[in-house]
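**Student:** Next comes the structure file entry.cif, holding mmCIF, C-alpha atoms.
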```
data_entry
loop_
_atom_site.label_atom_id
_atom_site.label_comp_id
_atom_site.auth_asym_id
_atom_site.auth_seq_id
_atom_site.Cartn_x
_atom_site.Cartn_y
_atom_site.Cartn_z
CA MET G 1 57.75 -24.34 -34.82
CA THR G 2 54.37 -22.60 -35.02
CA ALA G 3 54.13 -21.85 -38.73
CA ARG G 4 50.84 -23.76 -38.98
CA GLY G 5 49.10 -21.88 -36.16
CA LEU G 6 47.53 -23.33 -33.04
CA ALA G 7 45.95 -26.79 -32.90
CA VAL G 8 43.60 -27.75 -30.08
CA ILE G 9 43.41 -31.49 -29.50
CA THR G 10 40.90 -33.02 -27.09
CA GLY G 11 41.55 -36.38 -25.48
CA ALA G 12 45.18 -35.45 -26.04
CA SER G 13 46.68 -37.91 -23.59
CA GLY G 14 44.70 -40.91 -24.86
CA GLY G 15 45.75 -43.84 -27.00
CA LEU G 16 45.09 -42.04 -30.27
CA GLY G 17 45.56 -38.57 -28.84
CA VAL G 18 49.28 -38.81 -28.20
CA PRO G 19 50.22 -39.98 -31.72
CA ILE G 20 48.02 -37.27 -33.23
CA VAL G 21 49.63 -34.67 -30.98
CA ARG G 22 53.12 -35.79 -31.95
CA ARG G 23 52.30 -35.84 -35.65
CA LEU G 24 50.84 -32.32 -35.45
CA ALA G 25 53.90 -31.13 -33.53
CA ASP G 26 56.12 -32.50 -36.29
CA ALA G 27 53.92 -30.76 -38.86
CA GLY G 28 54.66 -27.42 -37.24
CA TYR G 29 51.59 -26.65 -35.14
CA ALA G 30 51.66 -25.02 -31.74
CA LEU G 31 49.61 -27.28 -29.49
CA ALA G 32 46.93 -26.78 -26.89
CA LEU G 33 46.39 -30.18 -25.35
CA VAL G 34 43.00 -30.68 -23.71
CA ASP G 35 42.12 -33.61 -21.48
CA MET G 36 40.32 -34.39 -18.23
CA ASN G 37 43.35 -36.44 -17.26
CA PRO G 38 46.02 -34.30 -15.55
CA ALA G 39 48.62 -36.48 -17.28
CA VAL G 40 48.19 -34.11 -20.20
CA GLU G 41 50.34 -31.60 -18.32
CA GLU G 42 53.24 -34.03 -18.31
CA LEU G 43 52.78 -34.62 -22.04
CA ALA G 44 52.89 -30.87 -22.71
CA ALA G 45 56.02 -30.51 -20.56
CA THR G 46 57.73 -33.32 -22.44
CA LEU G 47 56.92 -31.72 -25.77
CA ARG G 48 58.26 -28.37 -24.59
CA GLN G 49 61.49 -30.06 -23.52
CA GLU G 50 61.73 -31.42 -27.04
CA GLY G 51 61.46 -27.90 -28.42
CA PHE G 52 57.80 -27.86 -29.40
CA SER G 53 55.25 -25.24 -28.43
CA ALA G 54 52.71 -26.98 -26.21
CA SER G 55 50.37 -26.04 -23.38
CA ALA G 56 47.99 -28.19 -21.38
CA ILE G 57 44.41 -27.45 -20.43
CA VAL G 58 42.84 -29.83 -17.93
CA ALA G 59 39.13 -29.47 -18.55
CA ASN G 60 35.85 -31.32 -18.40
CA LEU G 61 34.14 -30.48 -21.68
CA SER G 62 30.77 -31.56 -20.29
CA GLU G 63 30.74 -28.43 -18.18
CA ASP G 64 30.42 -24.82 -19.29
CA ALA G 65 33.45 -24.00 -17.15
CA GLY G 66 35.50 -26.54 -19.07
CA ILE G 67 34.55 -25.02 -22.42
CA ALA G 68 35.27 -21.55 -21.06
CA SER G 69 38.72 -22.57 -19.88
CA VAL G 70 39.62 -23.94 -23.32
CA VAL G 71 38.33 -20.81 -25.07
CA ALA G 72 40.27 -18.63 -22.62
CA GLY G 73 43.39 -20.74 -23.09
CA VAL G 74 43.16 -20.44 -26.86
CA ARG G 75 42.67 -16.68 -26.72
CA ALA G 76 45.59 -16.34 -24.30
CA ALA G 77 47.87 -18.36 -26.55
CA GLY G 78 48.12 -15.46 -28.96
CA THR G 79 48.52 -17.81 -31.92
CA PRO G 80 45.76 -18.05 -34.54
CA LEU G 81 43.57 -21.10 -34.03
CA THR G 82 43.85 -23.08 -37.24
CA LEU G 83 42.84 -26.57 -36.14
CA LEU G 84 40.53 -28.28 -33.66
CA VAL G 85 40.74 -32.05 -33.35
CA ASN G 86 37.72 -33.48 -31.54
CA ASN G 87 39.38 -36.67 -30.40
CA ALA G 88 38.01 -37.24 -26.89
CA GLY G 89 35.85 -40.32 -26.70
CA ILE G 90 34.76 -43.18 -24.46
CA THR G 91 33.11 -46.57 -24.77
CA ARG G 92 30.54 -48.12 -22.43
CA ASP G 93 29.73 -51.29 -24.32
CA ALA G 94 26.80 -53.55 -23.51
CA ARG G 95 24.28 -55.61 -25.42
CA LEU G 96 21.16 -53.66 -26.33
CA GLN G 97 18.97 -55.24 -23.69
CA LYS G 98 21.56 -54.84 -20.93
CA MET G 99 22.69 -51.32 -21.70
CA GLU G 100 21.84 -48.93 -18.90
CA VAL G 101 20.45 -45.51 -19.67
CA ALA G 102 23.43 -43.96 -17.89
CA GLN G 103 25.79 -45.83 -20.22
CA PHE G 104 23.93 -44.48 -23.22
CA ASP G 105 23.88 -40.93 -21.88
CA GLN G 106 27.58 -40.89 -20.90
CA VAL G 107 28.73 -41.89 -24.34
CA ILE G 108 26.46 -39.38 -26.08
CA GLU G 109 27.67 -36.67 -23.74
CA VAL G 110 31.41 -37.26 -24.16
CA ASN G 111 31.59 -38.37 -27.78
CA LEU G 112 29.00 -36.03 -29.26
CA LEU G 113 27.73 -33.21 -27.10
CA ALA G 114 31.12 -32.20 -25.71
CA ALA G 115 32.54 -32.00 -29.22
CA MET G 116 29.58 -29.94 -30.41
CA ARG G 117 29.81 -27.65 -27.38
CA LEU G 118 33.54 -27.02 -27.76
CA THR G 119 33.42 -26.54 -31.53
CA GLN G 120 30.62 -24.02 -31.27
CA GLY G 121 32.29 -22.35 -28.30
CA LEU G 122 35.34 -21.71 -30.43
CA GLU G 123 33.40 -20.38 -33.44
CA ASP G 124 34.54 -16.79 -33.06
CA VAL G 125 38.11 -17.78 -32.31
CA PHE G 126 38.89 -19.77 -35.44
CA ALA G 127 41.18 -18.10 -37.95
CA ASP G 128 40.02 -17.81 -41.53
CA GLY G 129 40.93 -21.03 -43.33
CA ALA G 130 40.88 -23.06 -40.12
CA SER G 131 39.80 -26.67 -39.95
CA VAL G 132 37.86 -28.95 -37.62
CA VAL G 133 38.64 -32.66 -37.70
CA SER G 134 36.42 -34.91 -35.60
CA MET G 135 37.18 -38.51 -34.79
CA SER G 136 34.34 -40.85 -35.57
CA SER G 137 34.79 -44.58 -36.06
CA ARG G 138 34.20 -47.27 -38.65
CA ALA G 139 31.77 -48.52 -36.02
CA ALA G 140 29.48 -45.65 -37.00
CA LEU G 141 28.39 -47.99 -39.80
CA GLY G 142 27.22 -50.52 -37.21
CA ASN G 143 28.77 -52.66 -34.50
CA PHE G 144 27.80 -55.23 -31.91
CA GLY G 145 27.02 -54.14 -28.35
CA GLN G 146 27.68 -50.51 -29.08
CA ALA G 147 24.27 -48.89 -29.65
CA ASN G 148 25.46 -45.88 -27.65
CA TYR G 149 28.86 -45.57 -29.33
CA VAL G 150 27.54 -46.11 -32.86
CA THR G 151 24.80 -43.53 -32.29
CA SER G 152 27.31 -40.98 -31.01
CA LYS G 153 29.85 -41.52 -33.77
CA SER G 154 27.23 -41.45 -36.50
CA ALA G 155 25.77 -38.26 -35.04
CA LEU G 156 29.22 -36.71 -35.07
CA ILE G 157 29.28 -37.22 -38.84
CA GLY G 158 25.97 -35.42 -39.24
CA PHE G 159 27.16 -32.61 -37.02
CA THR G 160 30.24 -32.26 -39.21
CA ARG G 161 28.23 -32.23 -42.44
CA ALA G 162 26.05 -29.42 -41.13
CA LEU G 163 29.01 -27.54 -39.68
CA ALA G 164 30.86 -27.75 -42.98
CA GLN G 165 27.97 -26.11 -44.79
CA ARG G 166 27.21 -23.49 -42.15
CA TRP G 167 30.81 -22.34 -41.65
CA ALA G 168 31.94 -22.50 -45.27
CA PRO G 169 34.01 -20.96 -46.73
CA ARG G 170 35.70 -19.67 -43.56
CA VAL G 171 36.24 -22.98 -41.73
CA ARG G 172 36.33 -26.54 -43.08
CA ALA G 173 35.05 -29.54 -41.13
CA ASN G 174 35.79 -33.20 -41.77
CA VAL G 175 35.78 -36.56 -40.07
CA VAL G 176 38.32 -39.35 -39.67
CA SER G 177 36.79 -42.77 -38.97
CA PRO G 178 39.39 -45.23 -37.76
CA GLY G 179 38.87 -48.96 -37.93
CA LEU G 180 40.93 -51.49 -36.01
CA VAL G 181 43.95 -49.58 -34.67
CA ASP G 182 46.78 -50.60 -32.38
CA THR G 183 45.95 -48.73 -29.17
CA PRO G 184 45.94 -49.73 -25.50
CA MET G 185 42.29 -50.78 -25.98
CA THR G 186 43.08 -53.28 -28.72
CA GLN G 187 46.27 -54.36 -26.98
CA ALA G 188 44.09 -55.44 -24.05
CA MET G 189 42.16 -57.89 -26.26
CA PRO G 190 42.94 -61.62 -26.10
CA GLU G 191 45.49 -62.42 -28.81
CA ASP G 192 43.26 -64.89 -30.66
CA VAL G 193 40.33 -62.45 -30.72
CA LEU G 194 42.51 -59.71 -32.12
CA ALA G 195 43.99 -62.05 -34.72
CA LYS G 196 40.50 -62.96 -35.95
CA LEU G 197 39.64 -59.28 -36.31
CA VAL G 198 42.83 -58.59 -38.24
CA GLU G 199 42.00 -61.49 -40.58
CA LYS G 200 38.96 -59.50 -41.73
CA VAL G 201 41.05 -56.48 -42.73
CA PRO G 202 41.90 -56.50 -46.46
CA ALA G 203 45.13 -54.64 -45.71
CA ALA G 204 46.13 -57.72 -43.66
CA ARG G 205 47.36 -55.77 -40.67
CA ILE G 206 46.14 -53.74 -37.76
CA GLY G 207 46.18 -49.99 -38.29
CA THR G 208 48.75 -47.89 -36.54
CA PRO G 209 47.98 -44.68 -34.67
CA LEU G 210 50.20 -42.97 -37.25
CA ASP G 211 47.82 -44.09 -40.02
CA VAL G 212 45.09 -42.15 -38.26
CA ALA G 213 47.26 -39.17 -37.39
CA ASN G 214 48.35 -38.88 -41.02
CA ALA G 215 44.71 -38.56 -42.10
CA VAL G 216 44.14 -35.84 -39.51
CA VAL G 217 47.18 -33.88 -40.68
CA PHE G 218 46.14 -34.26 -44.31
CA LEU G 219 42.60 -32.99 -43.71
CA ALA G 220 43.98 -30.04 -41.77
CA SER G 221 46.47 -29.16 -44.47
CA ASP G 222 46.26 -26.82 -47.44
CA GLU G 223 46.39 -29.91 -49.67
CA ALA G 224 42.85 -30.62 -48.42
CA SER G 225 41.58 -27.07 -48.87
CA TYR G 226 38.79 -28.19 -51.22
CA ILE G 227 37.62 -30.97 -48.92
CA THR G 228 34.89 -30.25 -46.39
CA GLY G 229 32.02 -32.17 -44.84
CA GLN G 230 33.64 -35.51 -45.73
CA VAL G 231 34.60 -38.70 -43.96
CA ILE G 232 37.90 -40.51 -44.45
CA THR G 233 37.61 -44.07 -43.19
CA VAL G 234 41.03 -45.32 -42.10
CA CYS G 235 40.30 -49.02 -41.81
CA GLY G 236 42.47 -50.92 -44.28
CA GLY G 237 39.36 -51.71 -46.33
CA ARG G 238 37.47 -53.33 -43.43
CA SER G 239 34.38 -51.19 -44.04
CA LEU G 240 33.93 -52.95 -47.39
CA ALA G 241 34.96 -56.51 -46.62
CA PRO G 242 32.57 -59.32 -45.53
CA MET H 1 2.61 -53.85 -35.64
CA SER H 2 5.31 -51.18 -36.09
CA ILE H 3 6.51 -48.63 -33.62
CA ILE H 4 7.25 -45.31 -35.31
CA ILE H 5 9.94 -43.01 -33.96
CA GLU H 6 9.97 -39.63 -35.64
CA GLN H 7 12.77 -37.07 -35.65
CA ARG H 8 11.63 -33.69 -34.31
CA PRO H 9 13.31 -30.32 -34.80
CA ALA H 10 15.95 -30.11 -32.07
CA SER H 11 15.77 -27.10 -29.78
CA GLY H 12 19.35 -27.44 -28.54
CA LEU H 13 21.97 -29.88 -27.30
CA THR H 14 19.81 -31.14 -24.46
CA ASP H 15 17.09 -31.96 -26.94
CA VAL H 16 19.60 -33.80 -29.14
CA ALA H 17 20.46 -36.03 -26.18
CA ASP H 18 16.79 -36.42 -25.23
CA GLN H 19 15.72 -37.47 -28.72
CA LEU H 20 18.53 -40.00 -29.06
CA ARG H 21 17.87 -41.46 -25.59
CA ASP H 22 14.13 -41.65 -26.20
CA ALA H 23 14.71 -43.40 -29.52
CA PHE H 24 17.09 -45.89 -27.88
CA LEU H 25 14.56 -46.71 -25.16
CA ARG H 26 11.52 -46.90 -27.46
CA ALA H 27 13.34 -49.01 -30.02
CA ARG H 28 14.55 -51.42 -27.35
CA GLU H 29 11.07 -51.70 -25.86
CA ALA H 30 9.65 -52.44 -29.30
CA ILE H 31 12.32 -55.06 -29.99
CA ASP H 32 11.55 -56.70 -26.63
CA ALA H 33 7.90 -56.84 -27.66
CA SER H 34 8.85 -58.38 -31.05
CA GLU H 35 7.57 -55.34 -32.89
CA THR H 36 9.20 -53.79 -35.91
CA VAL H 37 10.58 -50.27 -35.65
CA ILE H 38 10.46 -47.48 -38.22
CA ILE H 39 12.45 -44.31 -37.73
CA ILE H 40 11.28 -41.32 -39.75
CA ALA H 41 14.08 -38.82 -40.38
CA GLN H 42 14.43 -35.68 -42.44
CA ALA H 43 16.51 -36.48 -45.52
CA PRO H 44 18.09 -32.99 -45.64
CA ASP H 45 19.31 -33.44 -42.06
CA LEU H 46 21.03 -36.70 -42.96
CA LEU H 47 23.12 -34.56 -45.31
CA GLY H 48 23.62 -31.75 -42.82
CA GLN H 49 21.59 -29.25 -44.79
CA GLY H 50 19.87 -27.82 -41.71
CA THR H 51 21.10 -27.03 -38.21
CA VAL H 52 23.95 -28.91 -36.59
CA GLU H 53 21.55 -30.14 -33.91
CA ASP H 54 19.06 -31.55 -36.40
CA ALA H 55 21.87 -33.19 -38.35
CA ALA H 56 23.19 -34.81 -35.18
CA VAL H 57 19.75 -36.19 -34.34
CA ALA H 58 19.08 -37.52 -37.85
CA THR H 59 22.45 -39.22 -38.23
CA GLY H 60 22.43 -40.37 -34.61
CA LEU H 61 19.13 -42.13 -35.30
CA LEU H 62 20.72 -43.63 -38.41
CA GLY H 63 23.57 -44.99 -36.30
CA LEU H 64 21.15 -46.37 -33.73
CA MET H 65 19.27 -48.18 -36.48
CA ARG H 66 22.48 -49.69 -37.82
CA ALA H 67 23.69 -50.75 -34.37
CA ILE H 68 20.41 -52.48 -33.58
CA THR H 69 20.39 -54.20 -36.96
CA PHE H 70 24.00 -55.32 -36.54
CA GLU H 71 23.27 -56.82 -33.15
CA GLY H 72 19.87 -58.27 -33.87
CA ALA H 73 19.59 -59.22 -37.53
CA SER H 74 20.09 -62.88 -36.73
CA LYS H 75 17.52 -62.65 -33.94
CA GLY H 76 14.86 -61.26 -36.22
CA TRP H 77 15.02 -57.69 -34.93
CA GLN H 78 13.75 -55.37 -37.61
CA ILE H 79 14.34 -51.66 -37.78
CA ASN H 80 14.42 -49.40 -40.83
CA MET H 81 14.55 -45.69 -41.55
CA VAL H 82 12.28 -43.71 -43.85
CA ALA H 83 13.87 -40.45 -44.96
CA VAL H 84 11.53 -37.72 -46.18
CA ASP H 85 12.26 -34.50 -48.02
CA SER H 86 11.50 -31.20 -46.29
CA GLY H 87 7.84 -30.62 -45.56
CA ASN H 88 6.79 -34.06 -46.77
CA GLU H 89 4.99 -36.79 -44.85
CA ALA H 90 6.23 -40.35 -44.99
CA PRO H 91 4.10 -42.12 -47.62
CA ALA H 92 1.94 -44.90 -46.23
CA GLU H 93 3.16 -47.45 -48.76
CA ILE H 94 6.79 -46.88 -47.80
CA LEU H 95 5.95 -47.08 -44.10
CA ALA H 96 4.16 -50.34 -44.78
CA MET H 97 7.19 -51.67 -46.64
CA ALA H 98 9.58 -50.60 -43.87
CA GLY H 99 7.46 -52.24 -41.20
CA GLN H 100 6.64 -55.44 -43.06
CA PRO H 101 8.34 -58.36 -41.31
CA GLY H 102 10.88 -59.79 -43.73
CA PRO H 103 14.35 -59.33 -45.10
CA LEU H 104 14.33 -55.52 -45.17
CA LYS H 105 16.54 -54.64 -42.20
CA GLY H 106 18.79 -51.68 -41.41
CA GLN H 107 17.81 -49.81 -44.57
CA VAL H 108 17.22 -46.15 -45.37
CA LEU H 109 14.21 -45.82 -47.65
CA ASN H 110 14.27 -42.40 -49.26
CA ALA H 111 10.79 -41.09 -49.96
CA GLY H 112 11.99 -38.31 -52.20
CA THR H 113 14.71 -37.34 -54.59
CA GLY H 114 16.57 -34.69 -52.61
CA HIS H 115 19.34 -37.17 -51.84
CA MET H 116 20.23 -37.80 -55.47
CA GLY H 117 23.76 -36.77 -56.37
CA LYS H 118 24.73 -36.56 -52.69
CA VAL H 119 26.72 -38.84 -50.42
CA ILE H 120 25.09 -42.00 -49.14
CA PRO H 121 24.27 -41.24 -45.50
#
```
Produce structure tokens that represent the structure in this file.
**Tutor:**
Amino acid sequence: MTARGLAVITGASGGLGVPIVRRLADAGYALALVDMNPAVEELAATLRQEGFSASAIVANLSEDAGIASVVAGVRAAGTPLTLLVNNAGITRDARLQKMEVAQFDQVIEVNLLAAMRLTQGLEDVFADGASVVSMSSRAALGNFGQANYVTSKSALIGFTRALAQRWAPRVRANVVSPGLVDTPMTQAMPEDVLAKLVEKVPAARIGTPLDVANAVVFLASDEASYITGQVITVCGGRSLAP
Amino acid sequence: MSIIIEQRPASGLTDVADQLRDAFLRAREAIDASETVIIIAQAPDLLGQGTVEDAAVATGLLGLMRAITFEGASKGWQINMVAVDSGNEAPAEILAMAGQPGPLKGQVLNAGTGHMGKVIP
């Protein structure tokens, strides 16, 4: 079950986190599931009952203690760290003129700084040939009422480009940028609003969490061993369409 | 009149957050005052050729520019980015073009050739 080594996934109990976790489990990774939400412990227990190797780390990655607990957990796992998925993220949407400074700072902290802090904190722990996959968003190309989110997700791409060059050839780093995906967040949208958004997707459907998870697994795999510092936009063509 | 926001070398993660927040606030203030905004970034940092912190600032500023353009293009908000190669100043004629009220919105104007053959930031 652990032929692929250990994968650390942040935001593991979230709408995209769980499908990514399950896809990585199926791909043969041992899992260290990181989340601020204690529900992550239940997720790890469920996976263990299903025969997978999974542990939970409840941690706030905005604090040094949170980073330290993840690093300690990874070292204690005794399995080579071959994958980090920076998936934790939040939104605090508001129009530019109504956005509070705290809303801007929170999103930068969680979506960008926490990912940078954890990735760099794990630098010495990564196995040779390991991979970092960070979750950006199609919105990094621009979106309404999301100056904070777009800034953070675009910055995450720059961070990854620099990381890819600094850590090569030992560790690869790439980005997955999902577009419209069927998660609890999109499920909460009014039906007509969601339908109008789907109409703009050339693939003529909403993305599934598995679409995103598949891109993560691909970038982490040996099949992607010559790919680093790149962005795969999983959006059904939406990033090109009018 | 244009407000110029210039990327500085980032001293650490706190400085990354500070630069992005300052840019957000200054750009918003300029928009409120109906002024155009020009962000000057280091072209190599847009490609991640320097430190991870500098890359995060440069591409974060790029995202901010795009978000503001997306939200405000129809309202006449104007913000552009001038990307300069290492050690170069932003040429006055490109700054003038970036700040000239008109259709140029949400664009990266490269004032060098270091970006050729690389990904589009």
**Student:** Which residues are close to Glu41 (chain G), i.e. within 10 Å by all atoms listed in the file, leaving aside same-chain residues fewer than 6 positions away? Reply as an mmCIF file with C-alpha atoms, in the coordinates of the input.
**Tutor:**
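The result, written out as out08.cif:
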```cif
data_model
loop_
_atom_site.group_PDB
_atom_site.id
_atom_site.type_symbol
_atom_site.label_atom_id
_atom_site.label_comp_id
_atom_site.auth_asym_id
_atom_site.auth_seq_id
_atom_site.Cartn_x
_atom_site.Cartn_y
_atom_site.Cartn_z
ATOM 1 C CA SER G 13 46.680 -37.910 -23.590
ATOM 2 C CA LEU G 33 46.390 -30.180 -25.350
ATOM 3 C CA VAL G 34 43.000 -30.680 -23.710
ATOM 4 C CA ASP G 35 42.120 -33.610 -21.480
ATOM 5 C CA LEU G 47 56.920 -31.720 -25.770
ATOM 6 C CA ALA G 54 52.710 -26.980 -26.210
ATOM 7 C CA SER G 55 50.370 -26.040 -23.380
ATOM 8 C CA ALA G 56 47.990 -28.190 -21.380
ATOM 9 C CA ILE G 57 44.410 -27.450 -20.430
ATOM 10 C CA VAL G 58 42.840 -29.830 -17.930
#
```
**Student:** Please return, as a list in words, all residues of chain H lying within 7 Å of chain G when all atoms listed in the file are considered.
**Tutor:**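 Taken together, these residues fit the definition: Leu13, Ala17, Arg28, Leu46, Leu47, Gly48, Gln49, Gly50, Thr51, Val52, Glu53, Ala55, Ala56, Val57, Thr59, Gly60, Leu61, Gly63, Leu64, Arg66, Ala67, Ile68, Phe70 and Glu71 of chain H.
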**Student:** Could you please give me, as a PyMOL selection string, the residues of protein, DNA or RNA lying at most 12 Å from (51.4, -15.0, -36.1) in the coordinate frame of the file, considering all atoms listed in the file?
**Tutor:** chain G and resi 1-6+29-30+77-82+127
**Student:** What is the CA of Leu197 (chain G) to CA of Lys75 (chain H) distance in Å?
**Tutor:**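 CA of Leu197 (chain G) sits 22.5 Å away from CA of Lys75 (chain H).
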**Student:** Grab the CA of Ala44 (chain G) to CA of Ala59 (chain G) distance for me, in Å with one decimal place.
**Tutor:** 14.4 Å
**Student:** Determine the residue membership of the PyMOL selection byres ((chain H and resi 39-42) around 7) for the file above and supply it as a list in words.
**Tutor:**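 After applying the PyMOL selection byres ((chain H and resi 39-42) around 7), what remains is Ile4, Ile5, Glu6, Gln7, Val37, Ile38, Ala43, Pro44, Asp45, Leu46, Ala58, Asn80, Met81, Val82, Ala83, Val84, Asp85 and Ser86 of chain H.
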**Student:** Could the residues in this selection be written to a file with C-alpha atoms, as a tab-separated table (two decimals), keeping the file's coordinate frame?
**Tutor:**
```tsv
chain	number	residue	atom	x	y	z
H	4	ILE	CA	7.25	-45.31	-35.31
H	5	ILE	CA	9.94	-43.01	-33.96
H	6	GLU	CA	9.97	-39.63	-35.64
H	7	GLN	CA	12.77	-37.07	-35.65
H	37	VAL	CA	10.58	-50.27	-35.65
H	38	ILE	CA	10.46	-47.48	-38.22
H	43	ALA	CA	16.51	-36.48	-45.52
H	44	PRO	CA	18.09	-32.99	-45.64
H	45	ASP	CA	19.31	-33.44	-42.06
H	46	LEU	CA	21.03	-36.70	-42.96
H	58	ALA	CA	19.08	-37.52	-37.85
H	80	ASN	CA	14.42	-49.40	-40.83
H	81	MET	CA	14.55	-45.69	-41.55
H	82	VAL	CA	12.28	-43.71	-43.85
H	83	ALA	CA	13.87	-40.45	-44.96
H	84	VAL	CA	11.53	-37.72	-46.18
H	85	ASP	CA	12.26	-34.50	-48.02
H	86	SER	CA	11.50	-31.20	-46.29
```
**Student:** Which distance in Å separates CA of Ala23 (chain H) and CA of Thr69 (chain H), to one decimal?
**Tutor:**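 Between CA of Ala23 (chain H) and CA of Thr69 (chain H) the gap is 14.3 Å.
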**Student:** Calculated over only C-alpha atoms, which of the candidates H:Glu29, H:His115, H:Thr36, H:Pro121 has the smallest distance to Ala96 (chain H)?
**Tutor:** H:Thr36
**Student:** Would you mind telling me which residue in G:Thr46, G:Asn174, G:Asn37, G:Ser136 lies nearest to Leu83 (chain G) when using all atoms listed in the file?
**Tutor:**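 Closest candidate: G:Asn174.
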**Student:** Given all atoms listed in the file as the basis, pick out the residue of G:Leu61, G:Val132, G:Leu210, G:Ala168 nearest to Val8 (chain G).
**Tutor:**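 For Val8 (chain G), the nearest of the given residues is G:Val132.
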**Student:** Using all atoms listed in the file, which residues sit within 12 Å of Pro178 (chain G) once same-chain residues fewer than 5 positions away are excluded, as a PyMOL selection string?
**Tutor:** chain G and resi 16+87+134-141+153+183+206-216+231-239
**Student:** Using only C-alpha atoms for the distances, tell me which of G:Thr91, G:Arg205, G:Tyr226, G:Gly51 is nearest to Asn111 (chain G).
**Tutor:**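 For Asn111 (chain G), the nearest of the candidates is G:Thr91.
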**Student:** Skipping near chain neighbours, those fewer than 5 positions away, what residues fall within 12 Å of Ala33 (chain H) using only C-alpha atoms, listed as a list in words?
**Tutor:**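 Neighbouring residues, sequence-local ones excluded: Gln97 of chain G; Met1, Ser2, Ile3, Arg26, Ala27, Arg28, Gly76, Trp77 and Gln78 of chain H.
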